[in-house]
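Colleague: Contents of model_9.txt (compact mmCIF, C-alpha atoms) are given next:
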# COMPACT_ATOMS: atom_id res chain seq x y z
CA MET J 3 -63.97 -9.25 -14.19
CA LYS J 4 -61.66 -6.82 -15.97
CA VAL J 5 -64.44 -4.23 -16.10
CA LEU J 6 -65.16 -4.61 -12.41
CA SER J 7 -61.47 -4.27 -11.56
CA LEU J 8 -61.47 -0.81 -13.13
CA TYR J 9 -63.93 0.61 -10.58
CA PRO J 10 -61.55 0.57 -7.56
CA LYS J 11 -58.90 2.29 -9.67
CA ARG J 12 -61.32 4.95 -10.86
CA LEU J 13 -62.67 5.40 -7.36
CA SER J 14 -59.17 5.87 -5.92
CA THR J 15 -58.41 8.39 -8.67
CA LEU J 16 -61.57 10.37 -7.90
CA VAL J 17 -60.83 10.28 -4.18
CA GLY J 18 -57.30 11.48 -4.87
CA LEU J 19 -58.59 14.35 -7.02
CA LEU J 20 -61.11 15.31 -4.35
CA ILE J 21 -58.42 15.36 -1.66
CA GLY J 22 -56.20 17.42 -3.96
CA VAL J 23 -58.94 20.01 -4.54
CA LEU J 24 -59.62 20.21 -0.79
CA ILE J 25 -55.93 20.80 -0.12
CA LEU J 26 -55.81 23.54 -2.77
CA ASN J 27 -58.84 25.22 -1.23
CA PHE J 28 -57.16 25.02 2.17
CA PHE J 29 -54.12 26.84 0.81
CA LEU J 30 -56.38 29.53 -0.69
CA SER J 31 -58.17 29.98 2.63
CA ASP J 32 -55.02 31.68 3.99
CA LYS J 33 -55.46 35.48 4.04
CA ASP J 34 -52.00 36.18 2.63
CA HIS J 35 -53.13 35.89 -1.02
CA ASN J 36 -50.98 38.71 -2.30
CA ILE J 37 -47.61 37.54 -1.01
CA ARG J 38 -45.15 36.89 -3.80
CA TYR J 39 -42.59 34.08 -3.70
CA GLU J 40 -39.70 36.53 -4.00
CA GLU J 41 -40.99 38.35 -0.89
CA PHE J 42 -41.69 35.17 1.08
CA ALA J 43 -38.51 35.34 3.16
CA LEU J 44 -39.54 38.71 4.59
CA GLY J 45 -42.05 37.08 6.91
CA LYS J 46 -45.12 38.63 8.49
CA ASN J 47 -43.17 41.03 10.75
CA THR J 48 -42.01 43.14 7.82
CA GLN J 49 -44.35 45.50 5.97
CA THR J 50 -43.74 46.24 2.29
CA SER J 51 -44.72 49.62 0.90
CA ARG J 52 -45.34 51.11 -2.55
CA LEU J 53 -45.50 54.87 -2.49
CA THR J 54 -47.61 57.63 -4.02
CA ILE J 55 -47.34 61.37 -3.36
CA ASP J 56 -49.84 63.88 -4.78
CA ASN J 57 -51.09 61.27 -7.28
CA LYS J 58 -47.52 60.57 -8.35
CA GLU J 59 -46.17 57.04 -8.08
CA ILE J 60 -42.58 57.46 -6.94
CA HIS J 61 -41.64 53.88 -5.99
CA CYS J 62 -41.98 51.00 -8.44
CA SER J 63 -40.60 47.51 -8.85
CA ASP J 64 -39.99 46.55 -12.48
CA LEU J 65 -41.80 46.44 -15.83
CA LYS J 66 -45.15 45.46 -14.33
CA ASP J 67 -45.54 48.88 -12.68
CA LEU J 68 -42.99 50.99 -14.56
CA ASN J 69 -45.73 52.87 -16.40
CA LEU J 70 -47.08 54.09 -13.07
CA CYS J 71 -43.77 55.79 -12.30
CA VAL J 72 -43.57 57.17 -15.85
CA GLN J 73 -47.07 58.61 -15.44
CA GLY J 74 -46.12 59.92 -12.01
CA TYR J 75 -43.25 61.81 -13.57
CA GLU J 76 -45.50 63.15 -16.33
CA VAL J 77 -47.87 64.51 -13.65
CA ASP J 78 -44.90 66.59 -12.53
CA SER J 79 -45.38 69.19 -15.27
CA GLN J 80 -42.02 70.80 -14.58
CA LYS J 81 -40.18 67.80 -16.12
CA ARG J 82 -37.49 68.12 -13.52
CA PRO J 83 -34.19 66.18 -13.49
CA VAL J 84 -34.58 62.71 -11.99
CA ILE J 85 -32.76 60.90 -9.20
CA ILE J 86 -33.01 57.09 -9.66
CA TRP J 87 -32.49 54.96 -6.55
CA LEU J 88 -32.16 51.22 -7.23
CA GLY J 89 -32.16 48.58 -4.53
CA ASN J 90 -33.56 45.47 -2.90
CA SER J 91 -36.32 44.89 -0.33
CA GLN J 92 -34.44 47.05 2.18
CA LEU J 93 -35.86 50.08 0.35
CA HIS J 94 -39.51 49.04 0.38
CA SER J 95 -39.79 47.18 3.70
CA ILE J 96 -40.18 48.38 7.29
CA ASN J 97 -39.50 46.03 10.19
CA GLN J 98 -42.11 46.10 12.99
CA TYR J 99 -44.19 48.57 11.01
CA GLN J 100 -46.32 51.10 12.92
CA SER J 101 -49.03 53.28 11.46
CA GLY J 102 -47.47 56.41 9.96
CA ASP J 103 -44.03 54.87 9.42
CA GLU J 104 -42.36 55.88 6.15
CA THR J 105 -39.58 54.35 4.08
CA ALA J 106 -36.37 56.20 3.26
CA ALA J 107 -37.60 56.43 -0.35
CA ILE J 108 -40.56 58.63 0.45
CA GLN J 109 -38.50 60.75 2.83
CA ILE J 110 -35.75 61.38 0.29
CA TYR J 111 -38.37 62.29 -2.31
CA ARG J 112 -39.79 65.00 -0.04
CA ILE J 113 -36.34 66.40 0.72
CA LEU J 114 -35.10 66.53 -2.89
CA ASP J 115 -38.46 67.79 -4.15
CA LYS J 116 -37.70 71.07 -2.39
CA TYR J 117 -34.45 71.34 -4.35
CA GLY J 118 -36.18 70.79 -7.70
CA TYR J 119 -35.48 67.08 -8.22
CA HIS J 120 -37.91 64.23 -8.88
CA THR J 121 -36.82 61.02 -7.11
CA ILE J 122 -37.96 57.57 -8.24
CA THR J 123 -37.07 54.35 -6.43
CA PHE J 124 -37.03 50.91 -8.07
CA SER J 125 -36.53 47.90 -5.83
CA GLN J 126 -36.99 44.14 -5.99
CA ALA J 127 -36.35 41.52 -3.32
CA ASN J 128 -32.83 40.05 -3.57
CA ALA J 129 -32.09 42.15 -6.66
CA ASN J 130 -28.66 41.38 -8.11
CA LEU J 131 -26.44 43.83 -9.98
CA GLN J 132 -27.14 42.20 -13.36
CA GLU J 133 -30.81 43.09 -12.87
CA HIS J 134 -29.86 46.60 -11.79
CA TYR J 135 -27.76 46.98 -14.94
CA LEU J 136 -30.59 45.84 -17.19
CA LEU J 137 -33.18 48.09 -15.54
CA PHE J 138 -30.86 51.12 -15.42
CA ALA J 139 -30.06 50.77 -19.14
CA TYR J 140 -33.78 50.57 -19.90
CA LEU J 141 -34.65 53.61 -17.76
CA LEU J 142 -32.22 55.86 -19.63
CA ASP J 143 -34.83 56.42 -22.34
CA LYS J 144 -37.66 56.89 -19.85
CA PHE J 145 -36.34 59.70 -17.65
CA PRO J 146 -33.78 62.54 -17.76
CA ILE J 147 -31.60 60.92 -15.10
CA LYS J 148 -29.27 63.27 -13.25
CA THR J 149 -28.06 60.94 -10.50
CA LEU J 150 -28.05 57.20 -9.83
CA VAL J 151 -28.07 55.92 -6.24
CA LEU J 152 -26.85 52.33 -6.06
CA PRO J 153 -26.56 50.18 -2.91
CA ILE J 154 -24.23 47.18 -2.99
CA VAL J 155 -25.29 44.20 -0.86
CA PHE J 156 -23.09 41.16 -0.28
CA ASP J 157 -26.11 38.83 -0.06
CA ASP J 158 -27.29 39.97 -3.49
CA MET J 159 -23.87 39.23 -4.99
CA ARG J 160 -24.82 35.59 -4.41
CA GLU J 161 -27.86 35.93 -6.69
CA ASP J 162 -28.01 35.21 -10.42
CA GLY J 163 -30.52 35.34 -13.24
CA ILE J 164 -33.21 37.81 -14.26
CA ARG J 165 -36.76 37.74 -12.89
CA PRO J 166 -39.59 37.45 -15.45
CA ASN J 167 -40.77 41.06 -15.06
CA LEU J 168 -37.32 42.28 -16.09
CA LYS J 169 -36.54 39.58 -18.63
CA ASP J 170 -39.20 41.01 -20.96
CA ILE J 171 -36.88 43.97 -21.57
CA LEU J 172 -34.71 41.63 -23.62
CA LYS J 173 -37.51 40.94 -26.10
CA ASP J 174 -36.86 44.36 -27.64
CA GLU J 175 -34.22 43.76 -30.32
CA SER J 176 -33.47 47.46 -30.66
CA PHE J 177 -32.53 47.47 -26.99
CA HIS J 178 -29.90 44.78 -27.61
CA LYS J 179 -27.75 47.33 -29.43
CA LYS J 180 -27.57 49.42 -26.26
CA ILE J 181 -26.21 46.62 -24.11
CA ASP J 182 -24.46 44.14 -26.38
CA LYS J 183 -21.17 46.03 -26.12
CA THR J 184 -20.83 45.07 -22.45
CA LEU J 185 -20.01 41.67 -20.97
CA THR J 186 -23.16 41.79 -18.86
CA GLY J 187 -25.35 42.70 -21.82
CA LYS J 188 -23.90 40.00 -24.06
CA ASN J 189 -24.30 37.41 -21.33
CA LEU J 190 -27.94 38.31 -20.63
CA ILE J 191 -28.86 38.29 -24.32
CA SER J 192 -27.23 34.91 -24.93
CA ARG J 193 -28.75 33.35 -21.81
CA PHE J 194 -32.32 34.53 -22.04
CA ILE J 195 -33.15 35.01 -25.74
CA ASP J 196 -33.96 31.97 -27.94
CA LYS J 197 -32.36 32.13 -31.38
CA ASP J 198 -32.49 29.97 -34.46
CA LEU J 199 -29.42 28.81 -36.39
CA ALA J 200 -29.37 32.04 -38.39
CA GLY J 201 -29.32 34.10 -35.21
CA ASN J 202 -32.89 35.35 -35.54
CA ASP J 203 -35.02 35.86 -32.45
CA ILE J 204 -37.73 33.17 -32.49
CA SER J 205 -38.94 33.48 -28.89
CA VAL J 206 -41.82 35.81 -29.82
CA SER J 207 -42.75 35.17 -33.46
CA GLN J 208 -42.98 31.38 -33.37
CA ASN J 209 -44.86 31.26 -30.10
CA ALA J 210 -47.32 34.12 -30.65
CA ASN J 211 -50.24 31.94 -31.77
CA GLN J 212 -49.64 29.46 -28.98
CA ASN J 213 -49.53 32.23 -26.40
CA ASN J 214 -52.80 33.70 -27.67
CA LEU J 215 -54.48 30.29 -27.48
CA GLU J 216 -53.16 29.70 -23.95
CA THR J 217 -54.41 33.13 -22.85
CA THR J 218 -57.90 32.39 -24.20
CA ILE J 219 -58.01 29.00 -22.46
CA ASP J 220 -56.76 30.52 -19.19
CA GLU J 221 -59.47 33.19 -19.24
CA LYS J 222 -62.28 30.70 -19.91
CA LEU J 223 -61.08 28.19 -17.31
CA GLY J 224 -60.68 30.99 -14.79
CA LYS J 225 -64.34 31.93 -15.16
CA ILE J 226 -65.48 28.32 -14.76
CA TRP J 227 -63.06 27.20 -12.03
CA PRO J 228 -61.81 29.78 -9.45
CA LEU J 229 -58.88 27.55 -8.50
CA TRP J 230 -57.49 27.88 -12.03
CA SER J 231 -57.43 31.68 -11.85
CA SER J 232 -55.69 31.41 -8.47
CA ARG J 233 -52.88 29.14 -9.63
CA ASP J 234 -50.25 31.88 -9.25
CA VAL J 235 -51.21 32.22 -5.58
CA LEU J 236 -51.03 28.46 -5.16
CA ARG J 237 -47.65 28.33 -6.86
CA ASN J 238 -46.30 31.02 -4.56
CA LYS J 239 -47.59 29.20 -1.48
CA LEU J 240 -46.15 25.90 -2.69
CA PHE J 241 -42.69 27.34 -3.29
CA GLY J 242 -42.91 29.28 -0.04
CA ASN J 243 -43.63 26.15 1.96
CA LEU J 244 -40.89 24.25 0.12
CA TYR J 245 -38.55 27.10 1.09
CA LEU J 246 -39.51 26.64 4.75
CA LEU J 247 -39.14 22.87 4.51
CA ARG J 248 -35.71 23.12 2.91
CA ASN J 249 -34.49 25.47 5.63
CA HIS J 250 -35.93 23.21 8.33
CA VAL J 251 -34.28 20.07 6.96
CA LEU J 252 -30.91 21.76 6.38
CA ARG J 253 -31.15 23.70 9.67
CA ILE J 254 -30.76 27.02 7.87
CA LYS J 255 -31.53 30.13 9.92
CA ALA J 256 -31.03 33.86 9.51
CA THR J 257 -27.74 33.56 11.40
CA THR J 258 -26.40 30.71 9.24
CA THR J 259 -23.15 31.72 7.50
CA ARG J 260 -23.66 32.28 3.77
CA LYS J 261 -20.49 31.99 1.70
CA MET J 262 -19.57 33.72 -1.52
CA ILE J 263 -20.61 31.92 -4.72
CA LYS J 264 -17.61 32.74 -6.88
CA GLY J 265 -19.16 32.52 -10.36
CA ARG J 266 -22.16 34.64 -9.41
CA TYR J 267 -19.98 37.10 -7.51
CA ILE J 268 -17.82 37.69 -10.59
CA LYS J 269 -20.88 38.23 -12.83
CA ASN J 270 -22.30 40.79 -10.44
CA LYS J 271 -18.97 42.55 -10.02
CA ILE J 272 -18.72 42.89 -13.81
CA ALA J 273 -22.31 44.21 -13.85
CA TYR J 274 -21.31 46.81 -11.25
CA GLN J 275 -18.50 47.93 -13.55
CA ASP J 276 -20.86 48.05 -16.54
CA ILE J 277 -23.33 50.17 -14.56
CA LEU J 278 -20.61 52.69 -13.75
CA ASN J 279 -19.46 52.81 -17.39
CA LEU J 280 -23.03 53.33 -18.54
CA ALA J 281 -23.54 56.16 -16.08
CA ILE J 282 -20.32 57.89 -17.10
CA GLU J 283 -21.16 57.56 -20.81
CA ASN J 284 -24.48 59.27 -20.16
CA GLU J 285 -22.99 61.95 -17.87
CA ILE J 286 -24.91 60.68 -14.85
CA GLU J 287 -23.56 61.24 -11.35
CA VAL J 288 -23.39 58.13 -9.16
CA VAL J 289 -23.73 57.59 -5.43
CA THR J 290 -22.82 54.03 -4.50
CA TYR J 291 -22.80 52.65 -0.97
CA ILE J 292 -22.39 49.49 1.08
CA ALA J 293 -25.87 48.86 2.44
CA PRO J 294 -26.59 48.90 6.19
CA ILE J 295 -26.41 45.56 7.96
CA ARG J 296 -27.20 44.57 11.51
CA ASN J 297 -23.92 44.25 13.40
CA ASP J 298 -24.76 43.84 17.09
CA ILE J 299 -24.33 40.09 16.50
CA LYS J 300 -22.06 38.21 14.12
CA ILE J 301 -23.07 38.89 10.53
CA PRO J 302 -24.03 35.76 8.52
CA TYR J 303 -21.05 35.95 6.16
CA LYS J 304 -17.54 34.63 6.13
CA ILE J 305 -15.71 37.69 7.46
CA SER J 306 -12.69 37.41 5.15
CA GLU J 307 -14.97 37.25 2.10
CA TYR J 308 -17.06 40.18 3.30
CA LYS J 309 -13.96 42.34 3.86
CA LYS J 310 -12.66 41.46 0.39
CA PHE J 311 -16.04 42.36 -1.11
CA LYS J 312 -16.08 45.79 0.58
CA LYS J 313 -12.55 46.62 -0.53
CA GLU J 314 -13.20 45.61 -4.14
CA ILE J 315 -16.38 47.68 -4.32
CA GLU J 316 -14.66 50.73 -2.82
CA ASP J 317 -11.57 50.37 -5.02
CA MET J 318 -13.68 50.18 -8.17
CA ALA J 319 -15.59 53.30 -7.14
CA LYS J 320 -12.29 55.14 -6.62
CA ASN J 321 -11.00 53.99 -10.00
CA TYR J 322 -14.10 55.37 -11.68
CA LYS J 323 -13.98 58.51 -9.54
CA ILE J 324 -17.57 58.14 -8.36
CA TYR J 325 -18.92 58.88 -4.90
CA PHE J 326 -18.70 55.97 -2.46
CA THR J 327 -19.63 55.61 1.18
CA SER J 328 -20.04 52.70 3.55
CA LEU J 329 -23.32 52.76 5.50
CA GLU J 330 -22.95 49.27 6.96
CA ASN J 331 -22.74 50.63 10.53
CA LEU J 332 -25.25 53.45 10.06
CA ILE J 333 -28.12 51.92 12.04
CA SER J 334 -27.84 51.03 15.72
CA SER J 335 -29.05 47.72 17.12
CA GLU J 336 -32.29 49.06 18.63
CA SER J 337 -33.53 50.15 15.18
CA TRP J 338 -33.37 46.63 13.78
CA GLY J 339 -35.90 43.95 14.62
CA THR J 340 -36.97 40.39 14.06
CA LYS J 341 -38.73 38.51 11.31
CA ALA J 342 -40.85 35.40 11.14
CA SER J 343 -39.00 32.09 11.11
CA THR J 344 -37.43 31.08 7.81
CA SER J 345 -38.08 27.41 8.65
CA LEU J 346 -41.03 25.39 9.94
CA GLU J 347 -40.24 26.36 13.54
CA ASP J 348 -42.64 28.91 15.02
CA LYS J 349 -39.92 31.23 16.31
CA SER J 350 -38.88 34.74 15.37
CA GLU J 351 -35.39 35.30 13.98
CA VAL J 352 -33.10 38.30 13.84
CA ASP J 353 -33.34 40.35 10.66
CA PHE J 354 -30.04 41.46 9.14
CA MET J 355 -31.52 43.37 6.20
CA HIS J 356 -34.73 45.17 7.22
CA PHE J 357 -34.94 47.85 9.90
CA GLN J 358 -37.57 49.91 11.65
CA ALA J 359 -38.77 53.43 10.84
CA GLU J 360 -35.87 55.11 12.64
CA GLY J 361 -33.47 53.21 10.42
CA HIS J 362 -35.25 54.54 7.34
CA ARG J 363 -34.94 58.09 8.68
CA LEU J 364 -31.19 57.65 9.15
CA LEU J 365 -30.79 56.11 5.70
CA ALA J 366 -32.68 58.99 4.06
CA GLU J 367 -30.45 61.51 5.84
CA ALA J 368 -27.29 59.67 4.78
CA ILE J 369 -28.36 59.43 1.15
CA PHE J 370 -29.32 63.10 1.06
CA LEU J 371 -25.92 64.03 2.50
CA SER J 372 -24.21 62.03 -0.25
CA ILE J 373 -26.35 63.49 -3.03
CA SER J 374 -25.95 67.02 -1.71
CA LYS J 375 -22.17 66.69 -1.96
CA ILE J 376 -22.09 65.66 -5.62
CA LEU J 377 -24.91 68.02 -6.70
CA LYS J 378 -23.58 70.81 -4.47
CA LEU J 379 -26.90 71.41 -2.71
CA THR J 380 -25.56 73.98 -0.30
CA LYS J 381 -28.59 76.23 0.10
CA LYS J 382 -31.47 75.20 2.30
CA PRO J 383 -34.78 75.20 0.40
In structure tokens, how does this file's structure come out?
Modeller:
Amino acid sequence: MKVLSLYPKRLSTLVGLLIGVLILNFFLSDKDHNIRYEEFALGKNTQTSRLTIDNKEIHCSDLKDLNLCVQGYEVDSQKRPVIIWLGNSQLHSINQYQSGDETAAIQIYRILDKYGYHTITFSQANANLQEHYLLFAYLLDKFPIKTLVLPIVFDDMREDGIRPNLKDILKDESFHKKIDKTLTGKNLISRFIDKDLAGNDISVSQNANQNNLETTIDEKLGKIWPLWSSRDVLRNKLFGNLYLLRNHVLRIKATTTRKMIKGRYIKNKIAYQDILNLAIENEIEVVTYIAPIRNDIKIPYKISEYKKFKKEIEDMAKNYKIYFTSLENLISSESWGTKASTSLEDKSEVDFMHFQAEGHRLLAEAIFLSISKILKLTKKP
């Protein structure tokens, strides 16, 4: 009787596994295979863009495609001085994209190219200033940077942590010496590097064999079972749908007021200061600006906190004697658009961060005006 009682249990397990596989296949049947979790909130109304000009990659994200931008610069045989523009998804996304539309990044490249400068843009969705600090410090040895362009976004001051494709920078022990003199650098090293009692880095050496074994298993399983090789896609879709469910349950929309998170705000403000110090130490000019935001309706922040944020950012720029401008009101209401719902409701929502092609044209003009003032680009090419 005990043997017979096992069959219903095994049958239910097999049925459950079969249903699970069918559900996974259903998720994979969606055409949006390439969407990343960090880009999920953009929605289907916003087009992301990575840019190449004359076989030169001029717009990258992080370590996973950094070599493309390095190679793009090497293609430029003149080895010209470099303008680095860091930012979030505002720099690589166009709302209500139409064929032929171009981001501000590609437009500013074309303009400054005529003046003898090579512009490279690095942007990640919701990038915080700690990530910008880490990437900027790393890029100092990759390019002869003349000018840094740095947008400051209140929403991103609420972010914390380092995404995996930037965290790998911290595995280089020699790099630690370049950043461990700053509060941001010390904090990132202590948070994201495993150490033994003697202070030695064990995150790579002790796990190397295990990582090699896992890689081999992954490759073999991927050849046998397509679902295994697609697990990153499935993970992204799972987290994306959980994101929608959370917003639906908590009634969170694009217009919902988002308050300052004090601890994260302070970390990012310190990172902003460390970026400016790093630029000054390396004789790099800086253009910093408050990023454009849609303002024809109430912005989704607590107004008193947003005003305090703007004043602190401007005051710090003045103290460091670097160029600052506020572009928050640069783009008129008709150049903004909508995005797909950030909850389970099938309704479009206003987009406070991403604008249409005209907005990118205006942003490129504003950034060029700022750069031309500090580099004294008075002559027309």
Colleague: Would you pick out the contacts of stretch 358-365 of chain J at 7 Å or less, using only C-alpha atoms, so that residues sharing its chain but fewer than 5 positions from it are not included, and give the list as a ChimeraX atom specification?
Modeller: /J:96-99,103-106,333,337-339
Colleague: Could the centre and edge lengths of an axis-aligned box, enclosing all atoms of stretch 169-182 of chain J in the file with 4 Å extra on each side, be given in Å to one decimal as lines of an AutoDock Vina configuration file?
Modeller:
center_x = -31.8
center_y = 44.5
center_z = -24.6
size_x = 22.7
size_y = 17.8
size_z = 20.0
Colleague: Take atom CA of J:Leu152 and atom CA of J:Ile55 and report the distance between them in Å, one decimal.
Modeller: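 Spanning atom CA of J:Leu152 to atom CA of J:Ile55 is a straight-line distance of 22.6 Å.
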Colleague: Of the residues J:Lys183, J:His94, J:Lys375, J:Arg296, which is the one nearest to J:Phe354, using all atoms listed in the file?
Modeller: J:Arg296
Colleague: Tell me, as a list in words, which residues lie within 7 Å of J:Pro153, counting only C-alpha atoms; anything in the same chain fewer than 5 positions away does not count.
Modeller: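 Everything that qualifies: Gly89, Thr290, Tyr291, Ile292 and Ala293 of chain J.
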Colleague: Would you put the residues from that selection into a file with C-alpha atoms, as a PDB file, in the coordinates of the input?
Modeller:
ATOM      1  CA  GLY J  89     -32.160  48.580  -4.530  1.00  0.00           C
ATOM      2  CA  THR J 290     -22.820  54.030  -4.500  1.00  0.00           C
ATOM      3  CA  TYR J 291     -22.800  52.650  -0.970  1.00  0.00           C
ATOM      4  CA  ILE J 292     -22.390  49.490   1.080  1.00  0.00           C
ATOM      5  CA  ALA J 293     -25.870  48.860   2.440  1.00  0.00           C
TER       6      ALA J 293
END
Colleague: Between J:Pro294, J:Pro302, J:Pro83, J:Gly265, which is the closest to J:Thr121 once you count only C-alpha atoms?
Modeller: J:Pro83
Colleague: Work out how far apart atom CA of J:Tyr111 and atom CA of J:Asp56 are and give it in Å to one decimal.
Modeller: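 So the answer is 11.8 Å.
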Colleague: One number please: atom CA of J:Ile277 to atom CA of J:Ala319, in Å, one decimal.
Modeller: 11.2 Å
